[in-house]
Amino acid sequence: MARLIAVTGATGNQGGSVAKLLLQYPDVYRVRALTRNPQSTTAQQLAGLGAEMVKADLTIPADLQEALRGCWGVFGVTNFYDSKIKDDPGSEERQGKNLVDAAIANGVQCFVWSTLPSSHKISSGRLVSRIYEGKYHVDDYIREKGFPAVFLYTGNFYENMVFRSHMRYNRELDRVEFRQPVIKETTQLAMLYVQKDLSAVTKAVFDHWDGRKEELHHQYLYVANARVTPLEILASVKKQTGKNGVYDVLPTTGVPDRDIMFQLYNELGMYGSKALPDENILALGVQMHGIDDFVREVLAPHLGLPLV
């Protein structure tokens, strides 16, 4: 019988990638997609692919108790930019803990949690971004409860170049223009192709859980393919489209916590000296994708540029 997986953030980038991949394996997994608005266009598209859409709000414990009933696994993620968190950053930790409590109450066997380390710890208290400070408390809570889980440390999303309109093609000047707040042109960012790799890693954890539970239990998997600079991204665009590019640093994102996070990357990078791709992900049989893949499959078509 196919195992039932609850996916939070199912209409977003992370949860949506997981839901869509699992739905391609109906003999193995059924997907229960949690969303506050099951009638949204994105939610209806998931329903059309076979997902069971369930209305649930991570701030309402009763919603989650019902939404997770009968689930074998859960993919959990919270979104700092959700208004309920952005206006009350402490809500992110509460939402994560609500999800854990509901999963425990329903006997969930495998919990995959998308998380980040403490910026306070990384920077010795100098560069503290609340984007980083909500999720890791949930890690601690999971360990305290002894709950069966795997932690995914995510990289920066290649998709943000599209979703946040960081890059465009200027036809008049025949060049690609890459504008990004705060990040220097030589800053090495741990990068992640969410739609391909976050989903694949999550599915691999579910696939291997029965046989490798002791190894995977409370393991951190670094879900990023490589450290890439903005100049290297432009170099990939030129290699595949023939177009020259320029990089401009904007002064602010307009979100103070995001500015601090980017300055953290400028000064200290992400995940220290951890080798990427993570050998523990490769051991699960997942082959990660890089900037050339993303440019070829997503960015060049988005910019309206043919490949050379």
# chains A, B, ... in the order shown; residues from 1 in each chain; ligands from 1

$ select_by_dssp --residues "stretch 107-223 of chain A" --states "alpha helix (DSSP H)" --output "ChimeraX atom specification"
/A:119-122,130-133,135-145,160-163,199-216

$ residues_around --residues "A:Ile142" --least-positions-apart "6" --cutoff "12 Å" --atoms "only C-alpha atoms" --output "list in words"
Glu93, Gly96, Lys97, Asn98, Leu99, Val100, Asp101, Ala103, Ile104, Cys110, Phe111, Val112, Trp113, Thr115, Lys135, Tyr136, Pro148, Ala149, Val150, Phe151, His217, His218 and Gln219 of chain A

$ residues_around --residues "stretch 121-126 of chain A" --least-positions-apart "3" --cutoff "8 Å" --atoms "only C-alpha atoms" --output "MDAnalysis selection string"
chainID A and resid 117:118 264 268

$ residues_around --residues "A:Thr241" --least-positions-apart "3" --cutoff "10 Å" --atoms "only C-alpha atoms" --output "VMD selection string"
chain A and resid 176 235 to 238 244 295 to 296 300 305 to 308

$ closest_atom_pairs --of "stretch 198-289 of chain A" --to "stretch 60-77 of chain A" --cutoff "12 Å" --atoms "only C-alpha atoms" --output "CSV"
residue,atom,partner,partner_atom,distance
A:Leu198,CA,A:Phe75,CA,10.8
A:Ser199,CA,A:Phe75,CA,9.9
A:Val201,CA,A:Phe75,CA,11.2
A:Thr202,CA,A:Phe75,CA,7.6
A:Lys203,CA,A:Phe75,CA,9.6
A:Val205,CA,A:Gly73,CA,10.2
A:Phe206,CA,A:Gly73,CA,7.5
A:Asp207,CA,A:Gly73,CA,10.8
A:Trp209,CA,A:Gly73,CA,10.1
A:Asp210,CA,A:Trp72,CA,11.6

$ write_last_selection --atoms "N, CA, C and O atoms" --output "PDB file, in the first residue's frame"
ATOM      1  N   LEU A 198      16.064  19.401  -3.841  1.00  0.00           N
ATOM      2  CA  LEU A 198      15.408  19.287  -2.533  1.00  0.00           C
ATOM      3  C   LEU A 198      14.380  18.167  -2.570  1.00  0.00           C
ATOM      4  O   LEU A 198      14.285  17.346  -1.646  1.00  0.00           O
ATOM      5  N   SER A 199      13.634  18.115  -3.643  1.00  0.00           N
ATOM      6  CA  SER A 199      12.622  17.072  -3.790  1.00  0.00           C
ATOM      7  C   SER A 199      13.268  15.684  -3.851  1.00  0.00           C
ATOM      8  O   SER A 199      12.800  14.738  -3.213  1.00  0.00           O
ATOM      9  N   VAL A 201      16.211  14.701  -2.671  1.00  0.00           N
ATOM     10  CA  VAL A 201      16.781  14.311  -1.378  1.00  0.00           C
ATOM     11  C   VAL A 201      15.675  13.864  -0.423  1.00  0.00           C
ATOM     12  O   VAL A 201      15.806  12.853   0.284  1.00  0.00           O
ATOM     13  N   THR A 202      14.577  14.608  -0.397  1.00  0.00           N
ATOM     14  CA  THR A 202      13.466  14.245   0.484  1.00  0.00           C
ATOM     15  C   THR A 202      12.914  12.870   0.124  1.00  0.00           C
ATOM     16  O   THR A 202      12.689  12.022   0.998  1.00  0.00           O
ATOM     17  N   LYS A 203      12.703  12.635  -1.162  1.00  0.00           N
ATOM     18  CA  LYS A 203      12.198  11.322  -1.585  1.00  0.00           C
ATOM     19  C   LYS A 203      13.197  10.220  -1.234  1.00  0.00           C
ATOM     20  O   LYS A 203      12.797   9.127  -0.795  1.00  0.00           O
ATOM     21  N   VAL A 205      15.235  10.112   1.279  1.00  0.00           N
ATOM     22  CA  VAL A 205      15.121   9.826   2.715  1.00  0.00           C
ATOM     23  C   VAL A 205      13.930   8.903   2.961  1.00  0.00           C
ATOM     24  O   VAL A 205      14.049   7.891   3.681  1.00  0.00           O
ATOM     25  N   PHE A 206      12.787   9.228   2.374  1.00  0.00           N
ATOM     26  CA  PHE A 206      11.606   8.372   2.543  1.00  0.00           C
ATOM     27  C   PHE A 206      11.880   6.968   1.977  1.00  0.00           C
ATOM     28  O   PHE A 206      11.530   5.958   2.598  1.00  0.00           O
ATOM     29  N   ASP A 207      12.515   6.914   0.807  1.00  0.00           N
ATOM     30  CA  ASP A 207      12.780   5.625   0.158  1.00  0.00           C
ATOM     31  C   ASP A 207      13.668   4.724   1.019  1.00  0.00           C
ATOM     32  O   ASP A 207      13.468   3.500   1.069  1.00  0.00           O
ATOM     33  N   TRP A 209      14.334   5.030   4.357  1.00  0.00           N
ATOM     34  CA  TRP A 209      14.129   5.119   5.797  1.00  0.00           C
ATOM     35  C   TRP A 209      14.096   3.750   6.470  1.00  0.00           C
ATOM     36  O   TRP A 209      14.750   3.529   7.496  1.00  0.00           O
ATOM     37  N   ASP A 210      13.357   2.817   5.927  1.00  0.00           N
ATOM     38  CA  ASP A 210      13.212   1.507   6.582  1.00  0.00           C
ATOM     39  C   ASP A 210      14.555   0.801   6.740  1.00  0.00           C
ATOM     40  O   ASP A 210      14.836   0.212   7.796  1.00  0.00           O
TER      41      ASP A 210
END

$ select_by_dssp --residues "stretch 21-183 of chain A" --states "strand (DSSP E)" --output "ChimeraX atom specification"
/A:29-35,52-55,73-76,110-115,149-154,156-157,167-170,175-181

$ write_last_selection --atoms "C-alpha atoms" --output "tab-separated table (two decimals), in the first residue's frame"
chain	number	residue	atom	x	y	z
A	29	TYR	CA	3.42	7.44	-2.10
A	30	ARG	CA	0.18	9.32	-1.69
A	31	VAL	CA	0.43	13.06	-1.08
A	32	ARG	CA	-1.67	15.07	1.33
A	33	ALA	CA	-0.87	18.69	0.55
A	34	LEU	CA	-1.45	21.15	3.39
A	35	THR	CA	-2.39	24.71	2.51
A	52	GLU	CA	-5.27	15.33	-1.59
A	53	MET	CA	-5.65	19.01	-0.72
A	54	VAL	CA	-6.30	19.72	2.97
A	55	LYS	CA	-6.92	23.11	4.52
A	73	GLY	CA	5.72	10.63	6.68
A	74	VAL	CA	5.86	14.42	6.74
A	75	PHE	CA	7.86	17.03	4.87
A	76	GLY	CA	7.87	20.11	7.07
A	110	CYS	CA	9.55	9.68	9.26
A	111	PHE	CA	9.71	13.48	9.58
A	112	VAL	CA	11.84	15.51	7.14
A	113	TRP	CA	12.43	19.04	8.41
A	114	SER	CA	13.78	21.90	6.27
A	115	THR	CA	15.90	24.02	8.56
A	149	ALA	CA	13.50	12.89	11.85
A	150	VAL	CA	16.06	14.04	9.29
A	151	PHE	CA	17.20	17.66	9.06
A	152	LEU	CA	17.78	19.34	5.70
A	153	TYR	CA	20.10	22.34	5.64
A	154	THR	CA	19.10	24.18	2.47
A	156	ASN	CA	20.31	29.55	-1.50
A	157	PHE	CA	17.73	28.92	-4.18
A	167	MET	CA	18.11	38.77	-13.57
A	168	ARG	CA	16.80	40.14	-16.87
A	169	TYR	CA	17.89	40.41	-20.46
A	170	ASN	CA	18.28	43.99	-21.71
A	175	ARG	CA	23.28	42.02	-22.24
A	176	VAL	CA	22.13	40.13	-19.16
A	177	GLU	CA	21.69	42.28	-16.05
A	178	PHE	CA	21.98	40.59	-12.66
A	179	ARG	CA	20.92	42.77	-9.75
A	180	GLN	CA	20.94	41.40	-6.23
A	181	PRO	CA	20.85	43.14	-2.86

$ atom_distance --atom1 "atom CA of A:Lys213" --atom2 "atom CA of A:Leu116"
22.1 Å

$ residues_around --residues "A:Asn160" --least-positions-apart "5" --cutoff "12 Å" --atoms "only C-alpha atoms" --output "list of chain:residue names"
A:Asn13, A:Gln14, A:Gly155, A:Ser165, A:His166, A:Met167, A:Phe178, A:Arg179, A:Gln180, A:Met191, A:Leu192, A:Tyr193, A:Val194, A:Gln195, A:Phe294, A:Val298, A:Leu299

$ write_last_selection --atoms "all heavy atoms" --output "compact mmCIF listing (two decimals), in the first residue's frame"
# COMPACT_ATOMS: atom_id res chain seq x y z
N ASN A 13 7.65 26.91 -3.08
CA ASN A 13 8.79 26.37 -3.83
C ASN A 13 9.26 25.04 -3.26
O ASN A 13 9.34 24.03 -3.98
CB ASN A 13 9.92 27.39 -3.82
CG ASN A 13 11.05 27.06 -4.78
OD1 ASN A 13 10.88 26.31 -5.73
ND2 ASN A 13 12.22 27.63 -4.53
N GLN A 14 9.54 24.99 -1.96
CA GLN A 14 10.07 23.77 -1.37
C GLN A 14 9.02 22.67 -1.33
O GLN A 14 9.22 21.57 -1.88
CB GLN A 14 10.59 24.04 0.04
CG GLN A 14 11.81 24.94 0.10
CD GLN A 14 12.43 24.95 1.48
OE1 GLN A 14 12.76 23.91 2.05
NE2 GLN A 14 12.57 26.14 2.06
N GLY A 155 20.45 25.26 0.79
CA GLY A 155 21.27 26.33 0.24
C GLY A 155 20.40 27.47 -0.25
O GLY A 155 19.17 27.47 -0.10
N SER A 165 13.06 38.14 -9.55
CA SER A 165 13.43 38.99 -10.70
C SER A 165 14.82 39.59 -10.56
O SER A 165 15.05 40.77 -10.87
CB SER A 165 12.38 40.11 -10.88
OG SER A 165 11.10 39.58 -11.07
N HIS A 166 15.78 38.78 -10.10
CA HIS A 166 17.14 39.25 -9.94
C HIS A 166 17.86 39.42 -11.28
O HIS A 166 18.85 40.16 -11.36
CB HIS A 166 17.94 38.28 -9.08
CG HIS A 166 17.58 38.33 -7.63
ND1 HIS A 166 17.93 37.34 -6.74
CD2 HIS A 166 16.91 39.25 -6.91
CE1 HIS A 166 17.47 37.64 -5.54
NE2 HIS A 166 16.85 38.79 -5.62
N MET A 167 17.40 38.75 -12.30
CA MET A 167 18.11 38.77 -13.57
C MET A 167 17.14 39.05 -14.72
O MET A 167 16.02 38.54 -14.73
CB MET A 167 18.84 37.44 -13.80
CG MET A 167 19.83 37.47 -14.95
SD MET A 167 20.74 35.91 -15.13
CE MET A 167 21.81 35.95 -13.70
N PHE A 178 22.19 41.35 -13.90
CA PHE A 178 21.98 40.59 -12.66
C PHE A 178 22.08 41.58 -11.50
O PHE A 178 23.15 42.13 -11.23
CB PHE A 178 23.06 39.51 -12.58
CG PHE A 178 22.91 38.50 -11.46
CD1 PHE A 178 21.79 38.46 -10.63
CD2 PHE A 178 23.91 37.55 -11.24
CE1 PHE A 178 21.67 37.52 -9.62
CE2 PHE A 178 23.80 36.61 -10.23
CZ PHE A 178 22.69 36.59 -9.43
N ARG A 179 20.96 41.83 -10.87
CA ARG A 179 20.92 42.77 -9.75
C ARG A 179 20.46 42.02 -8.50
O ARG A 179 19.40 41.38 -8.52
CB ARG A 179 19.97 43.93 -10.04
CG ARG A 179 20.42 44.82 -11.20
CD ARG A 179 19.53 46.06 -11.30
NE ARG A 179 20.03 46.99 -12.30
CZ ARG A 179 19.61 47.05 -13.55
NH1 ARG A 179 18.64 46.21 -13.94
NH2 ARG A 179 20.10 47.93 -14.40
N GLN A 180 21.24 42.12 -7.47
CA GLN A 180 20.94 41.40 -6.23
C GLN A 180 21.34 42.27 -5.04
O GLN A 180 22.39 42.89 -5.05
CB GLN A 180 21.72 40.08 -6.23
CG GLN A 180 21.29 39.10 -5.18
CD GLN A 180 21.90 37.73 -5.39
OE1 GLN A 180 21.26 36.73 -5.17
NE2 GLN A 180 23.16 37.67 -5.80
N MET A 191 24.55 26.88 -3.17
CA MET A 191 23.37 27.03 -4.02
C MET A 191 22.60 25.72 -4.18
O MET A 191 23.18 24.64 -4.20
CB MET A 191 23.77 27.56 -5.39
CG MET A 191 24.40 28.95 -5.37
SD MET A 191 23.30 30.26 -4.73
CE MET A 191 21.97 30.21 -5.95
N LEU A 192 21.29 25.86 -4.36
CA LEU A 192 20.38 24.71 -4.43
C LEU A 192 19.37 24.91 -5.55
O LEU A 192 18.72 25.95 -5.64
CB LEU A 192 19.64 24.56 -3.10
CG LEU A 192 18.43 23.62 -3.06
CD1 LEU A 192 18.83 22.19 -3.39
CD2 LEU A 192 17.75 23.69 -1.69
N TYR A 193 19.25 23.90 -6.39
CA TYR A 193 18.21 23.82 -7.42
C TYR A 193 17.04 23.09 -6.76
O TYR A 193 16.96 21.87 -6.76
CB TYR A 193 18.77 23.06 -8.61
CG TYR A 193 17.95 23.05 -9.88
CD1 TYR A 193 18.52 22.58 -11.06
CD2 TYR A 193 16.62 23.47 -9.93
CE1 TYR A 193 17.81 22.53 -12.25
CE2 TYR A 193 15.89 23.44 -11.10
CZ TYR A 193 16.50 22.96 -12.27
OH TYR A 193 15.77 22.91 -13.46
N VAL A 194 16.12 23.86 -6.19
CA VAL A 194 15.08 23.31 -5.32
C VAL A 194 14.23 22.28 -6.05
O VAL A 194 13.99 21.17 -5.55
CB VAL A 194 14.18 24.44 -4.77
CG1 VAL A 194 13.02 23.87 -3.96
CG2 VAL A 194 15.00 25.40 -3.92
N GLN A 195 13.76 22.64 -7.24
CA GLN A 195 12.81 21.79 -7.93
C GLN A 195 13.39 20.42 -8.29
O GLN A 195 12.64 19.44 -8.39
CB GLN A 195 12.30 22.50 -9.19
CG GLN A 195 11.46 23.73 -8.91
CD GLN A 195 10.19 23.41 -8.12
OE1 GLN A 195 9.45 22.48 -8.47
NE2 GLN A 195 9.92 24.16 -7.07
N PHE A 294 20.57 24.61 -14.23
CA PHE A 294 19.50 25.58 -13.99
C PHE A 294 19.42 26.61 -15.12
O PHE A 294 18.32 26.96 -15.57
CB PHE A 294 19.71 26.30 -12.65
CG PHE A 294 18.59 27.25 -12.32
CD1 PHE A 294 17.37 26.77 -11.85
CD2 PHE A 294 18.74 28.61 -12.50
CE1 PHE A 294 16.33 27.64 -11.57
CE2 PHE A 294 17.71 29.49 -12.22
CZ PHE A 294 16.49 29.00 -11.75
N VAL A 298 15.94 26.40 -16.94
CA VAL A 298 15.00 27.38 -16.39
C VAL A 298 15.36 28.82 -16.74
O VAL A 298 14.53 29.57 -17.28
CB VAL A 298 14.91 27.24 -14.85
CG1 VAL A 298 13.96 28.30 -14.27
CG2 VAL A 298 14.44 25.85 -14.45
N LEU A 299 16.60 29.21 -16.44
CA LEU A 299 16.93 30.63 -16.52
C LEU A 299 16.97 31.16 -17.96
O LEU A 299 16.40 32.22 -18.25
CB LEU A 299 18.26 30.90 -15.82
CG LEU A 299 18.64 32.37 -15.63
CD1 LEU A 299 17.54 33.13 -14.88
CD2 LEU A 299 19.96 32.49 -14.88

$ residues_around --residues "A:Val128" --least-positions-apart "6" --cutoff "7 Å" --atoms "only C-alpha atoms" --output "ChimeraX atom specification"
/A:119-120,260

$ closest_residue --among "A:Leu127, A:Ala224, A:Leu46, A:Lys20" --to "A:Glu279" --atoms "only C-alpha atoms"
A:Ala224

$ closest_residue --among "A:Ile5, A:Tyr132, A:Ser91, A:Ala105" --to "A:Met261" --atoms "only C-alpha atoms"
A:Tyr132

$ closest_residue --among "A:Met1, A:Ala200, A:Met270, A:Ile131" --to "A:Gly285" --atoms "only C-alpha atoms"
A:Ala200

$ residues_around --residues "A:Asn266" --least-positions-apart "2" --cutoff "7 Å" --atoms "only C-alpha atoms" --output "list in words"
Ile183, Lys184, Thr187, Phe262, Gln263, Leu264, Leu268 and Gly269 of chain A
